[in-house]
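**Student:** Sharing a structure, written as structure tokens. Questions coming.
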Amino acid sequence: MIQFAGVSKSYDTDVVLKDITFTIDKGEFAYITGPSGVGKTTLLKLVYCAERPDEGAIVVAGWDLKKIKQGTIPYLRRNVGIVFQDFRLLPNKTVFDNVALALRIHDMHPQEIKEHVGEVLKEVRLKHKENILPQHLSGGEQQRVVIARAMVSKPTVFLADEPTGNLDVETSRTIMNLFRQINTRGTTVLIATHSEALYHGTGRRVLFLRDAQIEKEIVG
Amino acid sequence: MIQFAGVSKSYDTDVVLKDITFTIDKGEFAYITGPSGVGKTTLLKLVYCAERPDEGAIVVAGWDLKKIKQGTIPYLRRNVGIVFQDFRLLPNKTVFDNVALALRIHDMHPQEIKEHVGEVLKEVRLKHKENILPQHLSGGEQQRVVIARAMVSKPTVFLADEPTGNLDVETSRTIMNLFRQINTRGTTVLIATHSEALYHGTGRRVLFLRDAQIEKEIVG
Amino acid sequence: MRIFLFAAETALKSVWHEKWINLLTVLSISIGLLIISAFVTITQNLDSVLKRWSKDFGLVVYLKDGLTSGEESTLRDYFMHDTDVISVKYVSREQAFEELRQTMGEQSSVLEGFESNPLPPSFELTLKSELLTPSNVERKASEIQHLNGVDEVQYGEKWLSSLSTLANIMKVVAVFLGGAIYIAIAFITYSTIKIFFYRRKDEIETLKLLGATRTFIRLPFILEGLFIGVLAGVVSSLGLFGTYSLLLNKISAFLPSISIVMVPLPLRAYIPAPLAGALMSFLGSFVAVGTIRY
Amino acid sequence: MRIFLFAAETALKSVWHEKWINLLTVLSISIGLLIISAFVTITQNLDSVLKRWSKDFGLVVYLKDGLTSGEESTLRDYFMHDTDVISVKYVSREQAFEELRQTMGEQSSVLEGFESNPLPPSFELTLKSELLTPSNVERKASEIQHLNGVDEVQYGEKWLSSLSTLANIMKVVAVFLGGAIYIAIAFITYSTIKIFFYRRKDEIETLKLLGATRTFIRLPFILEGLFIGVLAGVVSSLGLFGTYSLLLNKISAFLPSISIVMVPLPLRAYIPAPLAGALMSFLGSFVAVGTIRY
Ligand SMILES: Nc1ncnc2c1ncn2[C@@H]1O[C@H](COP(=O)(O)OP(=O)(O)OP(=O)(O)O)[C@@H](O)[C@H]1O
Ligand SMILES: Nc1ncnc2c1ncn2[C@@H]1O[C@H](COP(=O)(O)OP(=O)(O)OP(=O)(O)O)[C@@H](O)[C@H]1O
Ligand SMILES: [Mg+2]
Ligand SMILES: [Mg+2]
């Protein structure tokens with residue numbers, strides 16, 4: 001589902017990723033970890049085409065990102081659900097509208113949108129806050145809205161960047177259970193995190209980034 | 001240094017804090033913890049006067065916040081360093097200028113500002129990124145800029161809201177060491193976090209929030 | 001269709017949200033359109049003045065002394081059949097004297113000293129307005145001068161020449177000014193929409209990351225630009241109508257002759273100007289959002 | 001002092017960063033100021049026209065037949081000592097006839113029929129321009145009418161009345177329009193600065209949380225408003241000067257008489273208008289940032 005072959009990426013003279021090669025199969029559930037500033041977010045950005053690699057080939061859900069056309073990128077992204085590390089909620093839209101936006105982009109019927117959004121807000125336990133603006137939510141609540149928005153369009157690939165940075169242990173567990181459910185439905189899940197607690201004891205693949213390379217790969 | 005006496009706070013009909021009473025002495029180092037959305041951030045906001053209590057009295061660094069005048073609030077805040085959960089970095093200013101702003105507000109001489117900012121950026125290991133805009137930093141790096149800005153003016157009270165949510169274990173440790181240093185200089189430190197790892201084994205006071213109240217108080 | 005509705009909703013929200021800039025933009029464009037309309041109106045009025053005055057400045061053909069009525073009617077027939085001449089008026093000696101008396105007004109007592117009427121009879125000719133350039137009139141005058149029985153031909157060459165020059169200059173200025181203003185209108189909308197675009201840069205970035213197509217992102221902005229243009233057109237049309245009516249009323253109150261000279265506002269002629277403005281505005285917003293890259 | 005420098009730096013950065021809105025604002029204000037200046041110029045020119053024409057419309061005092069030269073000089077002395085009268089011109093029978101001949105121009109052949117000169121001698125009086133309202137002139141005329149040896153007093157009442165009404169209306173309109181435009185200028189700056197203020201709401205919120213005083217937050221906005229106002233003033237002054245020079249040159253090229261009537265642009269008089277504009281702009285921005293609450 002996600003294939004990196006000899007991928008390198010620098011910002012100016014700053015080498016962030018160097019000759020990265022790995023494959024994540026359809027239906028897999030994997031982690032990327034490493035210290036702050038190592039390039040976890042950059043790696044995810046390469047997957048959804050927000051950054052382009054300097055070298056190497058990337059294939060996502062059948063699309064060869066080297067050859068993908070500008071006009072096709074939106075259709076790739078509609079197959080990818082993303083939990084952004086910096087949330088990216090629209091400040092002038094309510095929780096409901098923020099989540100609904102992902103479905104509006106899919107040109108879904110308003111009635112259907114309403115049902116789907118209501119459902120997913122229940123799953124992240126925020127149904128009671130649906131008419132509130134994001135800035136009136138706690139940090140953890142905002143993070144859960146982002147998760148809801150990433151899930152609601154039932155993507156084939158699910159990327160989560162530090163999805164529990166603002167969540168307590170208990171809420172984290174609920175959210176991770178959600179991710180597992182999504183995975184069971186056949187969605188490929190890739191999570192970037194610095195938190196050992198998240199992958200420890202899960203029995204899933206964990207890729208360790210250090211000094212621009214995949215230092216090691218373990219089973220969590 | 002920080003005294004809450006019978007403080008209550010609601011948003012609309014939503015009771016967030018109810019009859020909270022506690023005291024944190026000058027030079028103390030304490031934690032507030034609790035699940036997502038319990039009111040940790042709200043409690044800190046009450047300290048720096050970004051929210052007003054519905055009931056009860058708050059005294060911070062000698063100022064009675066019930067009687068404080070609008071025009072005096074800036075002078076209170078200059079004595080309080082804050083690590084915001086949502087960072088609040090100015091997107092059109094470089095890392096250096098963002099940190100320098102805290103000192104410009106204090107009307108410090110430009111030469112002095114340069115020295116102080118350089119020093120504190122070294123402490124959070126971001127000296128090499130000082131001319132970069134915040135959006136070109138990783139999540140963890142942004143968080144460290146916020147920490148630097150809160151420290152640079154040498155406040156008497158230091159508040160940190162989820163200061164390591166985006167940081168790996170190693171970097172977290174460095175940052176917590178910094179906080180301890182600040183505390184050693186006599187600054188009162190209050191940290192809000194959901195992460196047990198942060199307070200576990202420190203031997204400091206930890207206040208547990210649950211259901212709008214201080215459920216218990218332990219030594220970490 | 002759904003995407004269009006959603007875009008319209010977003011555009012209207014933005015119109016309201018950014019009402020001050022939008023107001024400023026609409027007013028700027030309206031003023032531009034008003035200037036164009038005012039210029040067209042003034043030029044038209046000048047044309048009308050020119051046509052009316054052409055009567056006063058028509059040719060006056062003084063006849064020789066002692067023509068028979070047969071000779072006079074030969075001349076009249078000649079003028080009647082000349083296709084350049086649109087009206088022929090015979091002024092007898094007596095009428096001429098009466099007219100002079102009226103022209104002199106308060107000083108007409110002077111004329112009481114006359115024993116016999118010294119004025120000759122004349123024909124007053126009006127030429128087709130197309131011919132009312134100084135050179136044409138001059139040519140015509142010398143042509144008539146050579147006819148039998150004609151003593152002298154008079155016409156107001158000086159005024160005619162400066163007025164027709166003025167009218168021509170106005171027309172050229174109108175074309176250039178109009179062009180400049182239309183470009184300015186496109187530019188004003190361009191910059192307003194560009195401002196909105198920059199302001200919502202973060203939002204657009206998020207939309208792109210969520211898989212929105214270019215059309216989805218662009219449509220609200222283009223609709224907003226179109227809306228601004230149409231609104232400005234309506235405002236300028238109303239403004240023009242109001243100003244013109246007011247002016248006509250107020251001025252004619254103490255300068256009654258003005259209403260004879262001023263042409264009524266042909267509403268039909270003032271719809272194209274605002275419409276072109278809306279189009280330019282649309283164009284401006286279209287260019288402003290033209291470059292979305294993924 | 002340091003805070004002032006930092007605010008100036010921030011203001012200049014913002015001027016550049018938001019250059020399009022600022023340009024729009026500066027242009028809007030300049031146009032407003034230009035309209036005011038144009039109105040003042042037109043009113044002044046109208047006054048000048050009125051004063052010049054007052055000579056043509058001065059009183060003409062026709063004398064009775066057969067006055068002795070002693071009686072005539074008594075009248076002249078009387079007019080000379082009247083403080084309302086600023087010039088006295090005696091027109092003899094012969095001069096009057098000559099003038100009439102010139103006035104009639106091409107039709108003067110009529111006068112050849114005269115055997116004796118039927119025109120009376122007259123005094124042409126010019127009144128002080130302050131007195132040139134219809135009622136004053138009428139009063140003066142009837143006063144003179146009663147003097148010994150005066151046959152009739154004439155003056156151009158109709159034109160005088162409509163022109164002085166026009167000038168008065170223009171003055172009233174100028175005051176109201178000027179007031180409205182100055183308020184509009186304050187309002188335009190107000191909304192522009194308000195826009196910037198809203199746009200940087202997040203930034204201001206952060207500054208407040210970092211302990212910035214009201215002055216620290218406000219100063220950059222107020223300076224930016226002042227800068228916009230001053231710039232608009234300069235632009236409008238330059239625009240006025242340019243337009244006026246161009247107009248004077250172009251129009252006088254084919255209507256030479258215009259330059260006699262138009263007053264030169266008194267630059268001194270056009271500095272207060274832009275200055276007041278800058279002040280209103282400053283006021284607008286001051287009000288716009290007036291309400292910072294912690
Ligand atoms: N747009 C950019 N321009 C320049 N440098 C960048 C840009 N984005 C990221 N970087 C740099 O690249 C490095 C990797 O950033 P990245 O965001 O991928 O780290 P990360 O592993 O996600 O870190 P964290 O755990 O702190 O979020 C960092 O040093 C960062 O400063
Ligand atoms: N301005 C506001 N208006 C309305 N409700 C608010 C506002 N700010 C916070 N809340 C609500 O108050 C509750 C407490 O919020 P707070 O931010 O204090 O939680 P928190 O303990 O910091 O949570 P987290 O760990 O997720 O950051 C939440 O339910 C939140 O939705
Ligand atoms: Mg990251
Ligand atoms: Mg919080």
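Here's how to read the names in the structure tokens: chain A, B, ... by the order shown, residue numbers from 1 in each chain, ligand numbers from 1 in the order shown.
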Show which residues sit within 9 Å of range 140-149 of chain C, as an MDAnalysis selection string. Count only C-alpha atoms, and ignore same-chain residues fewer than 4 positions away.
**Tutor:** chainID C and resid 59 61:65 67 71:72 75 84 135:136 153:155
**Student:** Just list as JSON, numbers by chain whatever in chain B DSSP marks as strand (DSSP E or B).
**Tutor:** {"B": [2, 3, 4, 5, 6, 7, 8, 9, 10, 11, 14, 15, 16, 17, 18, 19, 20, 21, 22, 23, 24, 29, 30, 31, 32, 33, 55, 56, 57, 58, 59, 60, 63, 64, 80, 81, 82, 83, 157, 158, 159, 160, 161, 188, 189, 190, 191, 192, 193, 205, 206, 207, 208, 209, 210, 213, 214, 215, 216, 217, 218, 219]}
**Student:** Could you give me, as a PyMOL selection string, the residues within 10 Å of Met1 in chain C, counting only C-alpha atoms and dropping anything in the same chain fewer than 5 positions from it?
**Tutor:** (chain A and resi 107) or (chain C and resi 6-7)
**Student:** Write the selection just made, keeping N, CA and C atoms, as a compact mmCIF listing (two decimals), in the first residue's frame?
**Tutor:**
# COMPACT_ATOMS: atom_id res chain seq x y z
N ASP A 107 -18.28 15.47 -2.11
CA ASP A 107 -19.54 15.77 -2.76
C ASP A 107 -20.66 14.84 -2.30
N PHE C 6 -22.63 24.96 -2.38
CA PHE C 6 -21.74 25.12 -1.23
C PHE C 6 -20.82 26.31 -1.45
N ALA C 7 -20.33 26.46 -2.70
CA ALA C 7 -19.45 27.58 -3.02
C ALA C 7 -20.20 28.90 -2.87
**Student:** Show me, as a ChimeraX atom specification, every residue of chain B with an atom at most 6 Å from chain D, counting only C-alpha atoms.
**Tutor:** /B:70,74,77-78,105
**Student:** Considering only C-alpha atoms, return as a compact mmCIF listing (two decimals) with C-alpha atoms, in the first residue's frame whatever protein or nucleic-acid residues lie within 12 Å of Ile214 in chain A, sequence-local ones (same chain, fewer than 4 positions apart) excluded.
**Tutor:**
# COMPACT_ATOMS: atom_id res chain seq x y z
CA PHE A 4 9.38 3.87 -0.28
CA GLY A 6 15.67 4.91 -1.83
CA VAL A 7 13.85 8.08 -0.79
CA SER A 8 15.90 11.14 0.25
CA VAL A 16 16.18 15.01 6.91
CA LEU A 17 15.70 11.63 5.22
CA LYS A 18 18.40 9.69 3.35
CA ASP A 19 17.90 6.58 1.22
CA ILE A 20 14.79 5.35 3.04
CA THR A 21 13.36 2.04 1.82
CA PHE A 22 10.37 0.20 3.33
CA ILE A 32 7.23 5.22 12.95
CA THR A 33 9.13 6.55 15.92
CA GLY A 34 12.21 8.62 16.67
CA VAL A 38 14.11 13.48 13.17
CA GLY A 39 11.72 13.58 10.20
CA LYS A 40 8.59 11.60 11.14
CA LEU A 43 7.98 11.12 6.01
CA VAL A 206 7.76 -0.28 14.56
CA LEU A 207 10.25 1.62 12.34
CA PHE A 208 12.90 3.59 14.24
CA LEU A 209 14.19 6.75 12.57
CA ARG A 210 17.56 8.21 13.63
CA ILE A 218 11.22 -4.09 15.84
**Student:** Give the alpha helix (DSSP H) residues of range 47-84 of chain A, as DSSP finds them on the backbone, and put them as a ChimeraX atom specification.
**Tutor:** /A:47,73-77
**Student:** So which residues are near ligand 2, meaning at most 8 Å away with only C-alpha atoms and all ligand atoms counted, given back as a ChimeraX atom specification?
**Tutor:** /A:129,132,135-142,166-168 /B:10-12,14-16,33-43,85,161-162,192-194
**Student:** Could you write out the selected residues, including N, CA, C and O atoms, as a CSV table (one decimal), in the first residue's frame?
**Tutor:**
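Written out: result.csv:
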chain,number,residue,atom,x,y,z
A,129,LYS,N,-20.4,18.4,21.8
A,129,LYS,CA,-19.7,19.7,21.5
A,129,LYS,C,-19.8,20.0,20.0
A,129,LYS,O,-19.0,20.9,19.5
A,132,ILE,N,-19.8,23.7,18.7
A,132,ILE,CA,-18.8,24.7,19.3
A,132,ILE,C,-17.7,24.9,18.4
A,132,ILE,O,-17.3,24.1,17.5
A,135,GLN,N,-11.7,26.8,19.0
A,135,GLN,CA,-10.9,27.4,20.0
A,135,GLN,C,-11.6,27.4,21.4
A,135,GLN,O,-11.0,27.8,22.4
A,136,HIS,N,-12.8,26.9,21.5
A,136,HIS,CA,-13.5,26.8,22.8
A,136,HIS,C,-13.4,25.3,23.3
A,136,HIS,O,-14.1,24.9,24.2
A,137,LEU,N,-12.5,24.5,22.6
A,137,LEU,CA,-12.3,23.2,23.1
A,137,LEU,C,-11.0,23.0,23.8
A,137,LEU,O,-10.1,23.8,23.6
A,138,SER,N,-10.8,22.0,24.7
A,138,SER,CA,-9.5,21.8,25.3
A,138,SER,C,-8.6,21.1,24.2
A,138,SER,O,-9.1,20.7,23.2
A,139,GLY,N,-7.3,21.2,24.5
A,139,GLY,CA,-6.3,20.6,23.5
A,139,GLY,C,-6.7,19.2,23.1
A,139,GLY,O,-6.6,18.8,21.9
A,140,GLY,N,-7.0,18.4,24.1
A,140,GLY,CA,-7.3,17.0,23.8
A,140,GLY,C,-8.6,16.8,23.0
A,140,GLY,O,-8.7,15.9,22.1
A,141,GLU,N,-9.6,17.7,23.2
A,141,GLU,CA,-10.8,17.6,22.5
A,141,GLU,C,-10.5,18.0,21.0
A,141,GLU,O,-11.1,17.4,20.1
A,142,GLN,N,-9.7,19.0,20.8
A,142,GLN,CA,-9.4,19.4,19.4
A,142,GLN,C,-8.7,18.3,18.7
A,142,GLN,O,-9.0,18.0,17.6
A,166,ASN,N,-1.8,15.1,23.2
A,166,ASN,CA,-2.6,15.9,24.2
A,166,ASN,C,-3.6,15.1,24.9
A,166,ASN,O,-4.5,15.6,25.5
A,167,LEU,N,-3.5,13.7,24.9
A,167,LEU,CA,-4.5,12.9,25.5
A,167,LEU,C,-4.0,12.1,26.7
A,167,LEU,O,-2.9,11.6,26.7
A,168,ASP,N,-4.8,12.0,27.7
A,168,ASP,CA,-4.4,11.2,28.9
A,168,ASP,C,-4.5,9.7,28.5
A,168,ASP,O,-5.0,9.3,27.5
B,10,SER,N,-17.5,28.2,35.2
B,10,SER,CA,-18.3,27.5,34.2
B,10,SER,C,-18.2,28.2,32.9
B,10,SER,O,-18.0,29.4,32.8
B,11,TYR,N,-18.3,27.4,31.8
B,11,TYR,CA,-18.6,28.0,30.5
B,11,TYR,C,-20.0,27.7,30.2
B,11,TYR,O,-20.4,26.5,30.1
B,12,ASP,N,-20.8,28.7,30.0
B,12,ASP,CA,-22.2,28.6,29.8
B,12,ASP,C,-22.8,27.7,31.0
B,12,ASP,O,-22.6,28.1,32.1
B,14,ASP,N,-21.7,24.6,31.5
B,14,ASP,CA,-20.7,23.6,31.6
B,14,ASP,C,-19.8,23.9,32.9
B,14,ASP,O,-19.0,24.8,32.8
B,15,VAL,N,-20.1,23.3,34.0
B,15,VAL,CA,-19.2,23.5,35.2
B,15,VAL,C,-17.9,22.8,35.0
B,15,VAL,O,-17.8,21.6,34.9
B,16,VAL,N,-16.8,23.6,34.9
B,16,VAL,CA,-15.5,23.1,34.7
B,16,VAL,C,-14.7,22.9,36.0
B,16,VAL,O,-14.1,21.9,36.3
B,33,THR,N,-2.8,17.4,37.2
B,33,THR,CA,-3.0,16.4,36.2
B,33,THR,C,-4.5,16.0,36.2
B,33,THR,O,-5.3,16.4,37.1
B,34,GLY,N,-4.9,15.2,35.2
B,34,GLY,CA,-6.3,14.8,35.1
B,34,GLY,C,-6.6,14.5,33.6
B,34,GLY,O,-5.8,14.9,32.7
B,35,PRO,N,-7.8,13.9,33.3
B,35,PRO,CA,-8.1,13.5,32.0
B,35,PRO,C,-8.3,14.7,31.0
B,35,PRO,O,-8.5,15.8,31.5
B,36,SER,N,-8.4,14.4,29.7
B,36,SER,CA,-8.6,15.4,28.7
B,36,SER,C,-9.9,16.1,28.9
B,36,SER,O,-10.9,15.5,29.2
B,37,GLY,N,-9.9,17.4,28.9
B,37,GLY,CA,-11.1,18.2,29.1
B,37,GLY,C,-11.6,18.4,30.5
B,37,GLY,O,-12.7,18.9,30.7
B,38,VAL,N,-10.7,18.1,31.5
B,38,VAL,CA,-11.1,18.2,32.9
B,38,VAL,C,-11.1,19.7,33.4
B,38,VAL,O,-11.8,20.0,34.3
B,39,GLY,N,-10.2,20.5,32.8
B,39,GLY,CA,-10.1,21.9,33.2
B,39,GLY,C,-8.7,22.3,33.6
B,39,GLY,O,-8.5,23.3,34.3
B,40,LYS,N,-7.7,21.6,33.2
B,40,LYS,CA,-6.3,22.0,33.6
B,40,LYS,C,-5.9,23.3,33.0
B,40,LYS,O,-5.4,24.2,33.7
B,41,THR,N,-6.2,23.4,31.7
B,41,THR,CA,-5.8,24.7,31.0
B,41,THR,C,-6.7,25.8,31.6
B,41,THR,O,-6.1,26.9,31.8
B,42,THR,N,-7.9,25.6,31.9
B,42,THR,CA,-8.8,26.6,32.5
B,42,THR,C,-8.2,27.1,33.8
B,42,THR,O,-8.1,28.3,34.0
B,43,LEU,N,-7.7,26.2,34.6
B,43,LEU,CA,-7.1,26.5,35.9
B,43,LEU,C,-5.9,27.5,35.7
B,43,LEU,O,-5.8,28.5,36.3
B,85,GLN,N,-0.4,25.6,25.6
B,85,GLN,CA,-0.7,24.3,25.1
B,85,GLN,C,-0.8,24.4,23.5
B,85,GLN,O,-0.3,23.5,22.8
B,161,ASP,N,1.8,24.3,30.2
B,161,ASP,CA,0.6,23.5,29.8
B,161,ASP,C,1.0,22.4,28.8
B,161,ASP,O,1.2,22.7,27.7
B,162,GLU,N,1.0,21.2,29.3
B,162,GLU,CA,1.4,20.0,28.4
B,162,GLU,C,2.7,20.3,27.7
B,162,GLU,O,2.7,20.3,26.4
B,192,ALA,N,0.9,21.6,34.0
B,192,ALA,CA,-0.3,20.9,33.8
B,192,ALA,C,0.1,19.8,32.8
B,192,ALA,O,0.6,20.1,31.7
B,193,THR,N,-0.3,18.5,33.1
B,193,THR,CA,0.0,17.5,32.1
B,193,THR,C,-0.9,16.3,32.4
B,193,THR,O,-1.5,16.1,33.4
B,194,HIS,N,-1.0,15.5,31.3
B,194,HIS,CA,-1.8,14.2,31.5
B,194,HIS,C,-0.9,13.1,31.6
B,194,HIS,O,-1.3,11.9,31.8
**Student:** Please indicate the distance in Å from CA of Pro91 in chain A to atom 31 (O, counted along the ligand's line) of ligand 1, rounded to one decimal place.
**Tutor:** 25.3 Å
**Student:** My list of candidates is B:Gln143, B:Ser195, B:Thr174, B:Thr72. Which is closest to ligand 3 when distances are computed with only C-alpha atoms and all ligand atoms?
**Tutor:**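 Selected residue with least distance to ligand 3: B:Gln143.
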**Student:** Nearest to ligand 1 among B:Gln213, B:Thr202, B:Asn177, B:Ser172, with distances taken over only C-alpha atoms and all ligand atoms: which residue is it?
**Tutor:**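 Comparing B:Gln213, B:Thr202, B:Asn177, B:Ser172 against ligand 1, the winner is B:Ser172.
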**Student:** For CA of Val172 in chain D and CA of Ile31 in chain C, quote the distance in Å rounded to one decimal.
**Tutor:**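 Between these atoms lies a distance of 23.1 Å.
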**Student:** Out of C:Ala273, C:Val15, C:Ala8, C:Ile21, which residue has the shortest atom-to-atom distance to Gly178 in chain C when counting only C-alpha atoms?
**Tutor:** C:Ala273
